Amino acid sequence: PRRVVSALQPTGALHVGNYFGAVRRCVRLQRRGEPLVLFVADLHAHTAPQDPAELQRRSLETAAYLLASGVDAERGVLFLQSAVPAHARLCWLLACLATQARLAHLPQYRERAAGGDAPLGLLLYPVLQAADVLVYRATHVPVGADQLQHLQLTAQLVRTFHHRFGRLFPTPAPLLPDDGSDRIRSLRDPSKKMSKSDSDPKSRILLSDGDDLIRLKIQKAVTDFTPEVSFDPAARPGVSNLVTLHSLAADKLPEEALEEARGLSTAQYKRVVADALCGALRPVRERAQALLARPALLHELLRHGAARARALADPVYAEVAARAGLAPA
Ligand code: ATP
Ligand code: MG
């Protein structure tokens, strides 16, 4: 049977890159009938220092935005990663199958560790990602192009596991988007991805931003000195990012978005883009605010989700433990 597994880190408020690149894709897969396992990756968040109270607040907030975006927690499974111990248990065994050299070679590790004395958790991050999907016997994982190497590591860990302990896991296949939604760029430096951890808050539009703030950030978005609008991500990353955002927010093809930009200066076009974003994000923001006013309900929903996730993951881990000669959990 098919099973799609995805996650978001509660490392900061979600931005439109997370929304179009991850959350909305999950919602659409789920609406097409794909069985979705979705969680807030609070264990992953600890690869950077976390304030405990703030982490808990952000975890709840992330869950609220997922629900507000249309994730159906009854048809799928929604929970906090740390509430399902099988993730970390499987991670340990997989870590024993991975080599330090292979992990240290991964580009994201090299970027984030940047030659410094990085925490061991950062090196293990992609192994925990492998455990996250294998513990549900995932068949498909929605990813961005920059995550492909991590999925290749997962495939390698599956082969090694099978070689040692016998066949157990499907090799999860990547689901890549074809609408540019996996590479929304920073509004301040379009050579970089939009990111939660960027120090400049004007580099991203948050799902919690009101209409005025959305308009202001789009108005200040870095473009270039060519007045008319065109779509050329390599030569004109800033303007092309606006076209992508417009097409995603208005649910149009990039060509259709460009058609609307015809005859407009970049400054005029920014108003069109901002309008589209405000229209797409307002209902999500309002639903999230209503949910966040009911924390007890959110906690209950996540507790229920975790129980259902454990019911899926525990038997898989029990089989792993049996194969590896370990005690059942
Ligand atoms: P951090 O800076 O803490 O790594 P992030 O913004 O990269 O945060 P993640 O929690 O790492 O967010 O990623 C959550 C999901 O959002 C992933 O599926 C990731 O591919 C997607 N995503 C992150 N940034 C972008 C972006 N700029 N464009 C499209 N998708 C993105
Ligand atoms: Mg990231």
# chains A, B, ... in the order shown; residues from 1 in each chain; ligands from 1
call {"tool": "residues_near_ligand", "arguments": {"ligand": "ligand 1", "cutoff": "8 Å", "atoms": "only C-alpha atoms and all ligand atoms", "output": "tab-separated table (two decimals) with N, CA and C atoms, in the first residue's frame"}}
result
chain	number	residue	atom	x	y	z
A	6	SER	N	5.74	12.98	5.68
A	6	SER	CA	6.38	14.28	5.59
A	6	SER	C	6.43	14.93	6.96
A	7	ALA	N	7.28	15.96	7.10
A	7	ALA	CA	7.44	16.62	8.41
A	7	ALA	C	7.88	18.06	8.24
A	8	LEU	N	7.60	18.86	9.24
A	8	LEU	CA	8.12	20.23	9.30
A	8	LEU	C	8.73	20.46	10.66
A	9	GLN	N	9.86	21.19	10.68
A	9	GLN	CA	10.50	21.48	11.95
A	9	GLN	C	9.85	22.68	12.62
A	10	PRO	N	9.69	22.60	13.94
A	10	PRO	CA	9.15	23.77	14.65
A	10	PRO	C	10.25	24.76	15.01
A	11	THR	N	11.13	25.06	14.04
A	11	THR	CA	12.28	25.93	14.32
A	11	THR	C	11.94	27.40	14.18
A	12	GLY	N	10.73	27.71	13.75
A	12	GLY	CA	10.34	29.11	13.61
A	12	GLY	C	8.97	29.13	12.99
A	14	LEU	N	6.18	29.35	10.31
A	14	LEU	CA	6.22	28.87	8.93
A	14	LEU	C	6.13	30.03	7.95
A	15	HIS	N	6.84	29.91	6.83
A	15	HIS	CA	6.84	30.96	5.81
A	15	HIS	C	6.21	30.41	4.53
A	16	VAL	N	6.04	31.30	3.53
A	16	VAL	CA	5.35	30.86	2.31
A	16	VAL	C	6.13	29.79	1.56
A	17	GLY	N	7.46	29.74	1.75
A	17	GLY	CA	8.25	28.65	1.15
A	17	GLY	C	7.81	27.31	1.72
A	18	ASN	N	7.71	27.24	3.05
A	18	ASN	CA	7.23	26.01	3.71
A	18	ASN	C	5.81	25.69	3.24
A	19	TYR	N	5.00	26.75	3.13
A	19	TYR	CA	3.58	26.54	2.78
A	19	TYR	C	3.43	25.95	1.37
A	20	PHE	N	3.98	26.66	0.38
A	20	PHE	CA	3.81	26.18	-1.00
A	20	PHE	C	4.67	24.94	-1.26
A	21	GLY	N	5.88	24.91	-0.64
A	21	GLY	CA	6.83	23.85	-0.94
A	21	GLY	C	6.57	22.55	-0.18
A	22	ALA	N	5.85	22.63	0.93
A	22	ALA	CA	5.65	21.41	1.72
A	22	ALA	C	4.18	21.24	2.13
A	23	VAL	N	3.66	22.22	2.86
A	23	VAL	CA	2.34	22.03	3.49
A	23	VAL	C	1.24	21.84	2.45
A	41	ALA	N	8.54	17.99	13.54
A	41	ALA	CA	9.81	17.33	13.82
A	41	ALA	C	10.55	18.02	14.96
A	45	ALA	N	14.49	19.59	15.60
A	45	ALA	CA	14.71	20.99	15.97
A	45	ALA	C	15.89	21.13	16.93
A	142	PRO	N	7.36	13.49	-0.20
A	142	PRO	CA	7.42	14.74	-0.94
A	142	PRO	C	8.68	15.51	-0.53
A	143	VAL	N	9.52	15.85	-1.48
A	143	VAL	CA	10.78	16.53	-1.15
A	143	VAL	C	11.02	17.69	-2.11
A	144	GLY	N	11.98	18.51	-1.74
A	144	GLY	CA	12.52	19.50	-2.66
A	144	GLY	C	13.80	18.92	-3.23
A	145	ALA	N	14.29	19.55	-4.30
A	145	ALA	CA	15.48	19.03	-4.98
A	145	ALA	C	16.66	18.91	-4.00
A	146	ASP	N	16.73	19.82	-3.01
A	146	ASP	CA	17.88	19.81	-2.09
A	146	ASP	C	17.82	18.65	-1.09
A	147	GLN	N	16.70	17.93	-1.07
A	147	GLN	CA	16.58	16.81	-0.13
A	147	GLN	C	16.89	15.46	-0.80
A	180	GLY	N	8.02	24.71	-9.32
A	180	GLY	CA	8.98	25.63	-8.70
A	180	GLY	C	8.72	25.84	-7.21
A	181	SER	N	7.74	25.13	-6.64
A	181	SER	CA	7.37	25.40	-5.25
A	181	SER	C	8.42	24.91	-4.26
A	182	ASP	N	9.39	24.10	-4.70
A	182	ASP	CA	10.41	23.62	-3.77
A	182	ASP	C	11.60	24.57	-3.66
A	183	ARG	N	11.57	25.69	-4.37
A	183	ARG	CA	12.70	26.62	-4.25
A	183	ARG	C	12.24	28.07	-4.27
A	184	ILE	N	11.40	28.40	-3.29
A	184	ILE	CA	11.04	29.81	-3.10
A	184	ILE	C	12.27	30.52	-2.53
A	185	ARG	N	12.57	31.68	-3.09
A	185	ARG	CA	13.81	32.35	-2.70
A	185	ARG	C	13.59	33.45	-1.67
A	186	SER	N	14.68	33.79	-1.00
A	186	SER	CA	14.67	34.89	-0.03
A	186	SER	C	14.27	36.18	-0.74
A	193	LYS	N	17.71	30.39	-0.60
A	193	LYS	CA	16.34	29.93	-0.34
A	193	LYS	C	15.72	30.76	0.77
A	194	MET	N	14.41	30.94	0.71
A	194	MET	CA	13.71	31.51	1.85
A	194	MET	C	13.85	30.50	2.99
A	195	SER	N	14.15	30.99	4.20
A	195	SER	CA	14.42	30.06	5.30
A	195	SER	C	13.95	30.64	6.62
A	196	LYS	N	13.52	29.75	7.52
A	196	LYS	CA	13.08	30.17	8.85
A	196	LYS	C	14.24	30.74	9.64
A	197	SER	N	15.44	30.22	9.38
A	197	SER	CA	16.56	30.60	10.23
A	197	SER	C	17.36	31.78	9.67
A	198	ASP	N	16.91	32.40	8.58
A	198	ASP	CA	17.58	33.60	8.08
A	198	ASP	C	17.42	34.72	9.10
call {"tool": "select_by_dssp", "arguments": {"residues": "stretch 41-164 of chain A", "states": "helix (DSSP H, G or I)", "output": "VMD selection string"}}
result
chain A and resid 42 to 45 52 to 68 81 to 83 86 to 95 100 to 104 107 to 113 120 to 134 145 to 164
call {"tool": "select_by_dssp", "arguments": {"residues": "stretch 90-247 of chain A", "states": "strand (DSSP E or B)", "output": "list in words"}}
result
His140, Val141, Pro142, Ala173, Pro174, Leu175, Arg185, Lys193, Leu206 and Glu228 of chain A
call {"tool": "write_last_selection", "arguments": {"atoms": "N, CA and C atoms", "output": "short mmCIF file (atom, residue, chain, number, x, y, z; two decimals), in the first residue's frame"}}
result
data_model
loop_
_atom_site.label_atom_id
_atom_site.label_comp_id
_atom_site.auth_asym_id
_atom_site.auth_seq_id
_atom_site.Cartn_x
_atom_site.Cartn_y
_atom_site.Cartn_z
N HIS A 140 6.39 6.89 -0.46
CA HIS A 140 6.65 8.15 -1.15
C HIS A 140 6.93 9.27 -0.15
N VAL A 141 7.87 10.12 -0.51
CA VAL A 141 8.22 11.24 0.34
C VAL A 141 8.24 12.51 -0.51
N PRO A 142 7.36 13.49 -0.20
CA PRO A 142 7.42 14.74 -0.94
C PRO A 142 8.68 15.51 -0.53
N ALA A 173 10.18 6.53 -2.60
CA ALA A 173 10.46 7.29 -3.83
C ALA A 173 10.18 8.77 -3.60
N PRO A 174 11.00 9.65 -4.19
CA PRO A 174 10.77 11.09 -4.02
C PRO A 174 9.57 11.55 -4.85
N LEU A 175 8.79 12.46 -4.30
CA LEU A 175 7.77 13.16 -5.07
C LEU A 175 8.27 14.60 -5.23
N ARG A 185 12.57 31.68 -3.09
CA ARG A 185 13.81 32.35 -2.70
C ARG A 185 13.59 33.45 -1.67
N LYS A 193 17.71 30.39 -0.60
CA LYS A 193 16.34 29.93 -0.34
C LYS A 193 15.72 30.76 0.77
N LEU A 206 5.75 35.35 6.53
CA LEU A 206 5.26 34.32 7.44
C LEU A 206 3.77 34.10 7.21
N GLU A 228 10.68 45.82 -16.88
CA GLU A 228 9.56 44.93 -17.18
C GLU A 228 9.76 43.55 -16.54
#
call {"tool": "atom_distance", "arguments": {"atom1": "atom CA of A:Leu38", "atom2": "atom CA of A:Glu300"}}
result
16.3 Å
call {"tool": "atom_distance", "arguments": {"atom1": "atom CA of A:Val158", "atom2": "atom CA of A:Thr171"}}
result
6.7 Å
call {"tool": "closest_atom_pairs", "arguments": {"of": "stretch 226-320 of chain A", "to": "stretch 71-76 of chain A", "cutoff": "10 Å", "atoms": "only C-alpha atoms", "output": "Markdown table"}}
result
| residue | atom | partner | partner_atom | distance |
| --- | --- | --- | --- | --- |
| A:Leu301 | CA | A:Ala73 | CA | 8.0 |
| A:Leu302 | CA | A:Ala73 | CA | 8.9 |
| A:His304 | CA | A:Ala73 | CA | 9.5 |
| A:Gly305 | CA | A:Ala73 | CA | 7.3 |
| A:Arg308 | CA | A:Gly76 | CA | 9.6 |
| A:Ala309 | CA | A:Gly76 | CA | 9.7 |
